[in-house]
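Shown next: structure.cif, containing mmCIF, C-alpha atoms and all ligand atoms.
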data_run
loop_
_atom_site.label_atom_id
_atom_site.label_comp_id
_atom_site.auth_asym_id
_atom_site.auth_seq_id
_atom_site.Cartn_x
_atom_site.Cartn_y
_atom_site.Cartn_z
CA MET Q 140 0.00 0.00 0.00
CA PHE Q 141 0.97 3.59 -0.50
CA LYS Q 142 0.82 6.40 2.00
CA THR Q 143 -0.52 9.87 1.25
CA VAL Q 144 1.96 12.71 1.72
CA ARG Q 145 0.71 16.29 1.76
CA TYR Q 146 2.68 19.51 1.31
CA GLU Q 147 1.74 23.17 1.40
CA ILE Q 148 3.73 25.59 -0.73
CA ALA Q 149 3.49 29.30 0.05
CA SER Q 150 4.48 32.02 -2.38
CA SER Q 151 3.75 35.72 -2.66
CA ARG Q 152 3.84 35.24 -6.45
CA LEU Q 153 0.73 33.07 -6.35
CA PRO Q 154 -2.47 34.91 -7.36
CA GLU Q 155 -4.97 34.98 -4.51
CA GLU Q 156 -7.51 33.11 -6.64
CA PHE Q 157 -5.20 30.06 -6.49
CA ASP Q 158 -4.90 30.10 -2.69
CA GLY Q 159 -5.88 26.54 -1.69
CA PHE Q 160 -5.47 25.08 -5.21
CA ARG Q 161 -4.79 21.35 -4.79
CA ILE Q 162 -2.64 19.26 -7.09
CA VAL Q 163 -2.50 15.48 -6.84
CA HIS Q 164 0.95 14.49 -8.05
CA LEU Q 165 1.29 10.98 -9.49
CA SER Q 166 4.65 9.55 -10.49
CA ASP Q 167 6.50 6.32 -11.22
CA LEU Q 168 3.56 3.94 -11.01
CA HIS Q 169 5.41 1.58 -13.37
CA GLY Q 170 2.17 -0.16 -14.28
CA LYS Q 171 1.34 -1.15 -10.70
CA ARG Q 172 -2.32 -1.60 -9.75
CA TYR Q 173 -3.94 -0.86 -6.40
CA GLY Q 174 -7.01 -3.04 -6.60
CA LYS Q 175 -8.25 -4.82 -9.68
CA ARG Q 176 -8.89 -1.58 -11.58
CA ASN Q 177 -6.81 0.79 -9.45
CA GLU Q 178 -9.94 1.62 -7.47
CA ILE Q 179 -7.95 1.96 -4.21
CA LEU Q 180 -5.73 4.61 -5.78
CA ILE Q 181 -8.68 6.39 -7.40
CA GLU Q 182 -10.64 6.46 -4.13
CA ALA Q 183 -7.61 7.92 -2.32
CA ILE Q 184 -7.33 10.61 -5.02
CA ASP Q 185 -11.05 11.40 -4.74
CA ARG Q 186 -10.70 11.86 -0.97
CA GLU Q 187 -8.12 14.61 -1.60
CA ASN Q 188 -10.61 16.53 -3.77
CA PRO Q 189 -7.93 17.86 -6.18
CA ASP Q 190 -8.31 20.65 -8.69
CA LEU Q 191 -5.80 19.07 -11.05
CA ILE Q 192 -3.84 15.83 -11.55
CA ALA Q 193 -0.18 16.16 -12.53
CA MET Q 194 1.70 13.08 -13.75
CA THR Q 195 5.47 13.27 -13.83
CA GLY Q 196 6.39 10.19 -15.79
CA ASP Q 197 7.20 6.49 -15.61
CA MET Q 198 3.53 5.80 -14.98
CA ALA Q 199 3.91 3.02 -17.56
CA ASP Q 200 6.92 1.02 -18.65
CA THR Q 201 7.74 -2.00 -20.81
CA SER Q 202 6.27 -4.49 -18.31
CA ARG Q 203 3.31 -6.54 -19.54
CA GLY Q 204 0.00 -4.68 -19.41
CA ALA Q 205 1.48 -1.47 -17.98
CA VAL Q 206 0.36 0.73 -20.88
CA SER Q 207 -3.23 -0.56 -20.80
CA ARG Q 208 -3.39 -0.15 -17.03
CA LEU Q 209 -2.23 3.47 -17.33
CA LEU Q 210 -4.82 4.15 -20.03
CA GLU Q 211 -7.56 2.66 -17.85
CA LEU Q 212 -6.44 4.78 -14.88
CA CYS Q 213 -6.36 7.97 -16.98
CA ARG Q 214 -9.78 7.22 -18.45
CA ASN Q 215 -11.20 7.03 -14.93
CA LEU Q 216 -9.39 10.15 -13.72
CA ARG Q 217 -10.39 12.21 -16.74
CA ARG Q 218 -14.06 11.70 -15.91
CA ARG Q 219 -13.55 13.95 -12.90
CA TYR Q 220 -10.31 15.95 -13.21
CA PRO Q 221 -8.10 17.83 -15.63
CA VAL Q 222 -4.98 15.70 -16.14
CA TYR Q 223 -1.59 17.05 -17.27
CA ALA Q 224 1.41 14.81 -17.89
CA VAL Q 225 5.02 14.52 -18.97
CA MET Q 226 6.74 11.32 -20.02
CA GLY Q 227 9.54 9.68 -18.06
CA ASN Q 228 12.49 7.72 -19.37
CA HIS Q 229 10.53 4.45 -19.20
CA GLU Q 230 7.74 5.75 -21.45
CA GLN Q 231 10.39 7.16 -23.78
CA ALA Q 232 11.96 3.69 -23.88
CA LEU Q 233 8.74 2.10 -25.21
CA LYS Q 234 8.96 1.01 -28.83
CA TRP Q 235 7.78 3.87 -31.00
CA PRO Q 236 4.47 2.34 -32.18
CA VAL Q 237 3.56 1.61 -28.54
CA GLN Q 238 4.69 5.03 -27.33
CA SER Q 239 2.98 6.81 -30.18
CA GLY Q 240 -0.24 4.84 -29.55
CA LEU Q 241 -0.07 5.69 -25.84
CA ARG Q 242 0.32 9.39 -26.60
CA LYS Q 243 -2.53 9.43 -29.10
CA ARG Q 244 -4.91 7.62 -26.78
CA LEU Q 245 -4.02 9.84 -23.81
CA GLU Q 246 -4.59 12.95 -25.88
CA LYS Q 247 -7.87 11.56 -27.24
CA MET Q 248 -9.19 11.12 -23.71
CA GLY Q 249 -8.16 14.69 -22.85
CA VAL Q 250 -4.90 14.18 -20.98
CA VAL Q 251 -2.69 17.17 -21.81
CA LEU Q 252 0.84 16.05 -22.67
CA LEU Q 253 3.17 18.92 -21.92
CA ASP Q 254 6.09 18.23 -24.25
CA ASN Q 255 8.12 21.36 -23.64
CA THR Q 256 4.96 23.41 -23.78
CA CYS Q 257 3.06 25.64 -21.41
CA ARG Q 258 -0.63 25.86 -20.58
CA GLN Q 259 -2.16 28.79 -18.73
CA LEU Q 260 -4.50 27.84 -15.90
CA ARG Q 261 -7.14 30.42 -15.06
CA TRP Q 262 -9.15 30.61 -11.87
CA GLY Q 263 -11.37 33.69 -11.81
CA GLN Q 264 -9.12 36.63 -12.65
CA GLY Q 265 -5.99 34.72 -11.55
CA CYS Q 266 -3.62 32.93 -13.90
CA ILE Q 267 -0.63 30.62 -13.43
CA ASN Q 268 1.54 28.80 -15.97
CA LEU Q 269 1.98 25.03 -16.08
CA TYR Q 270 5.04 23.86 -18.02
CA GLY Q 271 6.17 20.34 -18.85
CA LEU Q 272 9.73 19.35 -19.67
CA ALA Q 273 10.55 16.54 -22.08
CA THR Q 274 14.29 15.97 -22.00
CA PRO Q 275 16.14 13.72 -24.46
CA MET Q 276 17.34 10.41 -23.02
CA VAL Q 277 20.97 11.59 -22.96
CA TYR Q 278 20.12 13.49 -19.77
CA TYR Q 279 19.35 10.29 -17.90
CA LYS Q 280 22.79 9.28 -16.67
CA GLU Q 281 23.30 5.57 -16.71
CA LEU Q 282 26.40 3.75 -15.59
CA LEU Q 283 26.07 0.94 -18.07
CA GLY Q 284 26.67 3.44 -20.86
CA GLU Q 285 23.29 3.20 -22.54
CA TYR Q 286 23.02 6.96 -22.54
CA GLU Q 287 25.56 9.71 -22.95
CA ARG Q 288 28.04 10.10 -20.12
CA GLY Q 289 28.73 13.48 -18.61
CA ALA Q 290 25.55 15.10 -19.93
CA HIS Q 291 24.37 18.13 -17.99
CA PHE Q 292 21.06 19.94 -18.41
CA SER Q 293 21.78 23.66 -17.99
CA VAL Q 294 19.62 26.76 -17.60
CA ASN Q 295 20.31 27.50 -21.28
CA ASP Q 296 19.07 24.03 -22.19
CA ALA Q 297 15.88 24.80 -20.25
CA LYS Q 298 15.51 28.08 -22.18
CA LYS Q 299 16.02 26.25 -25.49
CA LEU Q 300 13.29 23.70 -24.69
CA LEU Q 301 10.82 25.80 -22.70
CA GLY Q 302 11.60 29.33 -23.91
CA GLU Q 303 12.17 32.25 -21.58
CA MET Q 304 10.25 31.89 -18.34
CA ASP Q 305 7.21 34.21 -18.21
CA SER Q 306 8.10 35.94 -14.96
CA ALA Q 307 4.72 37.70 -14.75
CA HIS Q 308 3.06 34.46 -13.69
CA PHE Q 309 3.65 31.81 -11.01
CA ALA Q 310 5.19 28.82 -12.80
CA VAL Q 311 4.70 25.13 -12.05
CA LEU Q 312 7.08 22.84 -13.93
CA LEU Q 313 6.58 19.10 -14.40
CA ALA Q 314 10.00 17.50 -14.92
CA HIS Q 315 10.51 13.76 -14.47
CA ASN Q 316 14.16 13.90 -13.43
CA PRO Q 317 15.03 16.09 -10.40
CA LEU Q 318 18.77 15.70 -10.97
CA TYR Q 319 18.93 19.07 -12.74
CA TYR Q 320 16.72 20.96 -10.28
CA PRO Q 321 19.18 23.89 -9.90
CA SER Q 322 18.74 24.56 -13.63
CA TYR Q 323 14.93 24.40 -13.40
CA ARG Q 324 15.04 26.69 -10.35
CA ASP Q 325 17.36 29.21 -11.98
CA TRP Q 326 15.29 29.12 -15.18
CA GLY Q 327 12.52 30.44 -12.94
CA ALA Q 328 10.18 27.59 -11.94
CA ASP Q 329 8.42 28.56 -8.70
CA LEU Q 330 7.39 24.96 -8.04
CA THR Q 331 8.86 21.89 -9.73
CA LEU Q 332 7.23 18.47 -9.45
CA SER Q 333 9.49 15.48 -10.14
CA GLY Q 334 9.83 11.76 -9.54
CA HIS Q 335 12.27 9.21 -11.03
CA ILE Q 336 14.42 8.60 -7.92
CA HIS Q 337 11.99 6.24 -6.13
CA GLY Q 338 12.99 7.71 -2.79
CA GLY Q 339 16.51 6.37 -3.19
CA ILE Q 340 15.17 2.77 -3.16
CA ILE Q 341 16.44 2.02 0.37
CA ARG Q 342 15.89 4.68 3.05
CA ILE Q 343 18.70 4.93 5.60
CA PRO Q 344 17.47 6.61 8.84
CA GLY Q 345 19.10 10.02 9.26
CA LYS Q 346 20.74 9.88 5.84
CA GLY Q 347 17.92 9.62 3.28
CA GLY Q 348 17.73 7.58 0.11
CA LEU Q 349 20.65 5.28 -0.65
CA LEU Q 350 20.67 4.99 -4.41
CA SER Q 351 19.36 6.76 -7.52
CA PRO Q 352 18.43 4.96 -10.76
CA ASP Q 353 21.80 6.08 -12.20
CA LEU Q 354 23.45 4.31 -9.24
CA THR Q 355 24.57 7.51 -7.50
CA PHE Q 356 24.80 7.04 -3.74
CA PHE Q 357 22.73 9.37 -1.57
CA PRO Q 358 21.23 11.55 -4.35
CA LYS Q 359 20.53 15.07 -3.10
CA TYR Q 360 16.94 15.30 -4.36
CA ASP Q 361 15.86 11.84 -3.24
CA GLY Q 362 12.27 12.53 -2.18
CA GLY Q 363 10.17 15.08 -0.33
CA LEU Q 364 10.07 18.85 -0.30
CA PHE Q 365 13.08 21.06 -1.00
CA ALA Q 366 13.09 24.86 -0.67
CA GLU Q 367 15.87 26.82 -2.37
CA LYS Q 368 16.09 30.54 -3.15
CA GLY Q 369 12.38 31.00 -2.43
CA LYS Q 370 11.41 28.28 -4.91
CA TYR Q 371 10.27 24.72 -4.33
CA LEU Q 372 10.85 21.21 -5.52
CA VAL Q 373 8.60 18.29 -4.61
CA VAL Q 374 10.02 14.87 -5.47
CA SER Q 375 7.56 12.00 -5.30
CA ARG Q 376 9.01 8.77 -3.97
CA GLY Q 377 6.78 7.09 -6.52
CA LEU Q 378 3.77 4.82 -6.55
CA GLY Q 379 5.45 1.76 -7.98
CA ASN Q 380 8.61 -0.11 -8.41
CA HIS Q 381 11.17 -0.81 -11.05
CA PHE Q 382 13.82 -2.67 -9.08
CA LEU Q 383 11.37 -4.89 -7.14
CA LEU Q 384 12.93 -3.52 -4.00
CA ARG Q 385 11.95 -0.77 -1.57
CA ILE Q 386 13.16 -0.84 2.01
CA ARG Q 387 11.75 1.57 4.63
CA ASN Q 388 10.51 3.45 1.59
CA PRO Q 389 6.75 3.08 1.09
CA GLU Q 390 5.11 4.08 -2.17
CA GLU Q 391 3.40 7.43 -1.91
CA LEU Q 392 0.58 9.54 -3.26
CA VAL Q 393 1.59 13.21 -3.16
CA VAL Q 394 -0.80 16.12 -2.68
CA VAL Q 395 0.42 19.71 -3.01
CA THR Q 396 -1.71 22.63 -1.87
CA LEU Q 397 -0.73 26.08 -3.14
CA ARG Q 398 -0.98 28.95 -0.67
CA ARG Q 399 -0.65 32.66 -1.28
CA GLN Q 400 1.96 34.05 1.06
CA VAL Q 401 0.92 37.40 2.46
CA THR Q 402 3.75 37.97 4.94
CA GLY Q 403 7.29 39.14 4.12
CA PRO Q 404 9.81 36.86 2.42
CA SER Q 405 11.71 34.24 4.37
CA GLU Q 406 14.01 31.42 3.37
CA ASN Q 407 11.49 28.64 3.89
CA PRO Q 408 8.05 30.18 4.23
CA GLY Q 409 4.91 28.36 5.17
CA CYS Q 410 5.54 24.82 4.05
CA PHE Q 411 4.98 21.63 5.98
CA CYS Q 412 4.71 17.95 5.29
CA GLY Q 413 1.88 15.89 6.70
FE FE F 501 12.38 7.43 -14.30
#

Would you mind writing the file out in structure tokens?
Ligand SMILES: [Fe+2]
Amino acid sequence: MFKTVRYEIASSRLPEEFDGFRIVHLSDLHGKRYGKRNEILIEAIDRENPDLIAMTGDMADTSRGAVSRLLELCRNLRRRYPVYAVMGNHEQALKWPVQSGLRKRLEKMGVVLLDNTCRQLRWGQGCINLYGLATPMVYYKELLGEYERGAHFSVNDAKKLLGEMDSAHFAVLLAHNPLYYPSYRDWGADLTLSGHIHGGIIRIPGKGGLLSPDLTFFPKYDGGLFAEKGKYLVVSRGLGNHFLLRIRNPEELVVVTLRRQVTGPSENPGCFCG
């Protein structure tokens, strides 16, 4: 079973109309099912009463039935919620006809795939921007040499893919891989939602996650909420499993509530985990 983890993010840049806006953040399901038709997961999402569902990749992979299970889940969610998504490295690794079919069917059911694009969300007179990053596979470091070694995703790379950040509006960025968070932050994302790291696979008390998918020990952005330079990163520890192994590291459903900060700036204003 998964646990539900809730965060509140406070920013003076958030329009007051979005105060209390709730995002359910799904990541790294890897085709897992909670109940025969994912009804346990769907009921847990319904209890959170979200305004929007954000998927940050690796919801499906090459395992048998994973793509159809994701499509069934999205079909159910779309009946009630707007759903925005980016692809992770495991969806990008699907054979092209499968990946292309997945994309077409998601889009047909109304899931918005944010492939280096931006959608404006309006709530009354208020407006925020939702961006999604689709990075080439070379930016997923991999020790076995499948992908390019030494790749680094810079702020300029973010500008090339996403364009200049529209600083007039609060920006939420969906980016599967949190490894390059400093570049997303310096590009201007007020809140980044990521996954990919699976909480570091094995949680060591007092030290955090042991290992990232690229086999880096104790990755910095292993899971949870990070506040840097007045901006935020939430890394989901994921809803599923790729390595068949999680120790002291339960799967999690993440819920992020946006709050308008009305007091003066501080280094880590108004956020808590619960
Ligand atoms: Fe991933």

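Here the question is which of Q:Ala314, Q:Leu210, Q:Cys266, Q:Val401 gets nearest to ligand FE 501 (chain F) using only C-alpha atoms and all ligand atoms, and that residue is Q:Ala314.
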
(Q) Could you list, as a list of chain:residue names, all protein and nucleic acid residues with an atom at most 10 Å from ligand FE 501 (chain F), counting only C-alpha atoms and all ligand atoms? (A) Q:Ser166, Q:Asp167, Q:His169, Q:Thr195, Q:Gly196, Q:Asp197, Q:Met198, Q:Asp200, Q:Met226, Q:Gly227, Q:Asn228, Q:His229, Q:Glu230, Q:Gln231, Q:Tyr279, Q:His315, Q:Asn316, Q:Pro317, Q:Ser333, Q:Gly334, Q:His335, Q:Ile336, Q:His337, Q:Ser351, Q:Pro352, Q:Asp353, Q:Gly377, Q:His381

Q) Out of Q:Val206, Q:Val144, Q:Leu392, Q:Leu269, which residue has the shortest atom-to-atom distance to Leu180 in chain Q when counting all atoms listed in the file? A) Q:Leu392

Centre and size of axis-aligned box enclosing range 232-245 of chain Q plus 5 Å each side, as lines of an AutoDock Vina configuration file:
center_x = 3.5
center_y = 5.4
center_z = -28.0
size_x = 26.9
size_y = 18.8
size_z = 18.4

**Q.** Within 10 Å of Arg399 in chain Q using all atoms listed in the file, minus same-chain residues under 5 positions, as a PyMOL selection string
**A.** chain Q and resi 148-160+409

Q. Neighbours of Phe141 in chain Q within 7 Å (all atoms listed in the file; same-chain residues fewer than 6 positions away dropped), as a PyMOL selection string?
A. chain Q and resi 378+389-392

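Residue nearest Met140 in chain Q, chosen from Q:Gly379, Q:Met248, Q:Ser306, Q:Gly327 and counting all atoms listed in the file: Q:Gly379.
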
(Q) So that I can check the surroundings of Glu303 in chain Q, please list as a count of residues only every protein, DNA and RNA residue that reaches within 12 Å of it, counting all atoms listed in the file and ignoring chain neighbours fewer than 3 positions away. (A) 19

Q: Could you tell me how far CA of Asp329 in chain Q lies from CA of Arg261 in chain Q, in Å and to one decimal?
A: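 Atom-to-atom, CA of Asp329 in chain Q to CA of Arg261 in chain Q, that is 16.9 Å.
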
Q. Which residue gives the smallest distance to Gly369 in chain Q among Q:Ile162, Q:Leu233, Q:Leu330, Q:Leu241, with only C-alpha atoms counted?
A.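 So, comparing all the options, the nearest one is Q:Leu330.
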
**Q.** Selection: 9 Å around Ala183 in chain Q, only C-alpha atoms, excl. self and same-chain fewer than 4 positions, as a PyMOL selection string
**A.** chain Q and resi 143+178-179+187+392

Q. For Leu260 in chain Q, which residue out of Q:Ile184, Q:Ala232, Q:Val311, Q:Leu272 is the nearest one, using all atoms listed in the file?
A.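 Between Q:Ile184, Q:Ala232, Q:Val311, Q:Leu272, the residue approaching Leu260 in chain Q most closely is Q:Val311.
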
Q: Counting only C-alpha atoms, figure out which residue out of Q:Arg172, Q:Lys370, Q:Arg214, Q:Lys234 gets nearest to Thr331 in chain Q.
A: Q:Lys370

Q. When you draw a straight line from CA of Val250 in chain Q to CA of Cys213 in chain Q, how long is it in Å?
A. 7.5 Å

Q: Tell me, in Å to one decimal, how far CA of Arg186 in chain Q is from CA of Val374 in chain Q.
A: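 So the two atoms, CA of Arg186 in chain Q and CA of Val374 in chain Q, lie 21.4 Å apart.
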
Missing atoms of range 149-160 of chain Q rebuilt to all heavy atoms, written as a compact mmCIF listing (two decimals), in the coordinates of the input:
# COMPACT_ATOMS: atom_id res chain seq x y z
N ALA Q 149 3.96 27.92 -0.05
CA ALA Q 149 3.49 29.30 0.05
C ALA Q 149 4.38 30.22 -0.78
O ALA Q 149 5.60 30.14 -0.71
CB ALA Q 149 3.50 29.75 1.51
N SER Q 150 3.72 31.08 -1.57
CA SER Q 150 4.48 32.02 -2.38
C SER Q 150 3.69 33.31 -2.54
O SER Q 150 2.48 33.28 -2.78
CB SER Q 150 4.77 31.43 -3.76
OG SER Q 150 5.30 32.42 -4.61
N SER Q 151 4.42 34.43 -2.44
CA SER Q 151 3.75 35.72 -2.66
C SER Q 151 3.47 35.92 -4.14
O SER Q 151 2.72 36.81 -4.52
CB SER Q 151 4.64 36.85 -2.13
OG SER Q 151 5.90 36.78 -2.75
N ARG Q 152 4.06 35.12 -5.01
CA ARG Q 152 3.84 35.24 -6.45
C ARG Q 152 2.54 34.55 -6.90
O ARG Q 152 2.12 34.69 -8.04
CB ARG Q 152 5.03 34.63 -7.22
CG ARG Q 152 6.26 35.54 -7.19
CD ARG Q 152 7.46 34.94 -7.88
NE ARG Q 152 7.22 34.16 -9.05
CZ ARG Q 152 6.90 34.64 -10.26
NH1 ARG Q 152 6.80 35.95 -10.45
NH2 ARG Q 152 6.71 33.82 -11.28
N LEU Q 153 1.96 33.79 -5.98
CA LEU Q 153 0.73 33.07 -6.35
C LEU Q 153 -0.46 34.03 -6.33
O LEU Q 153 -0.68 34.74 -5.35
CB LEU Q 153 0.49 31.93 -5.35
CG LEU Q 153 -0.63 30.96 -5.74
CD1 LEU Q 153 -0.14 30.01 -6.83
CD2 LEU Q 153 -1.10 30.17 -4.52
N PRO Q 154 -1.28 34.06 -7.41
CA PRO Q 154 -2.47 34.91 -7.36
C PRO Q 154 -3.43 34.44 -6.27
O PRO Q 154 -3.52 33.23 -6.01
CB PRO Q 154 -3.10 34.74 -8.74
CG PRO Q 154 -2.23 33.84 -9.52
CD PRO Q 154 -1.15 33.32 -8.65
N GLU Q 155 -4.12 35.37 -5.65
CA GLU Q 155 -4.97 34.98 -4.51
C GLU Q 155 -6.07 34.01 -4.90
O GLU Q 155 -6.53 33.20 -4.10
CB GLU Q 155 -5.54 36.20 -3.80
CG GLU Q 155 -6.42 37.07 -4.66
CD GLU Q 155 -6.83 38.34 -3.91
OE1 GLU Q 155 -6.06 38.80 -3.06
OE2 GLU Q 155 -7.93 38.84 -4.21
N GLU Q 156 -6.47 34.05 -6.19
CA GLU Q 156 -7.51 33.11 -6.64
C GLU Q 156 -7.05 31.66 -6.54
O GLU Q 156 -7.87 30.74 -6.49
CB GLU Q 156 -7.90 33.40 -8.11
CG GLU Q 156 -8.62 34.72 -8.33
CD GLU Q 156 -7.67 35.90 -8.51
OE1 GLU Q 156 -6.45 35.75 -8.24
OE2 GLU Q 156 -8.14 36.98 -8.91
N PHE Q 157 -5.72 31.43 -6.55
CA PHE Q 157 -5.20 30.06 -6.49
C PHE Q 157 -4.84 29.63 -5.06
O PHE Q 157 -4.30 28.55 -4.87
CB PHE Q 157 -3.96 29.92 -7.40
CG PHE Q 157 -4.32 29.72 -8.85
CD1 PHE Q 157 -4.66 30.79 -9.65
CD2 PHE Q 157 -4.37 28.45 -9.39
CE1 PHE Q 157 -5.02 30.61 -10.98
CE2 PHE Q 157 -4.72 28.25 -10.71
CZ PHE Q 157 -5.06 29.33 -11.51
N ASP Q 158 -5.14 30.49 -4.08
CA ASP Q 158 -4.90 30.10 -2.69
C ASP Q 158 -5.77 28.88 -2.37
O ASP Q 158 -6.99 28.93 -2.51
CB ASP Q 158 -5.25 31.27 -1.77
CG ASP Q 158 -4.91 30.97 -0.32
OD1 ASP Q 158 -3.84 30.39 -0.07
OD2 ASP Q 158 -5.74 31.30 0.56
N GLY Q 159 -5.14 27.78 -1.99
CA GLY Q 159 -5.88 26.54 -1.69
C GLY Q 159 -6.00 25.60 -2.88
O GLY Q 159 -6.59 24.52 -2.74
N PHE Q 160 -5.43 25.95 -4.02
CA PHE Q 160 -5.47 25.08 -5.21
C PHE Q 160 -4.71 23.78 -4.91
O PHE Q 160 -3.59 23.79 -4.42
CB PHE Q 160 -4.81 25.82 -6.38
CG PHE Q 160 -5.00 25.18 -7.73
CD1 PHE Q 160 -6.14 25.42 -8.46
CD2 PHE Q 160 -4.02 24.36 -8.27
CE1 PHE Q 160 -6.31 24.84 -9.72
CE2 PHE Q 160 -4.18 23.78 -9.52
CZ PHE Q 160 -5.32 24.02 -10.25
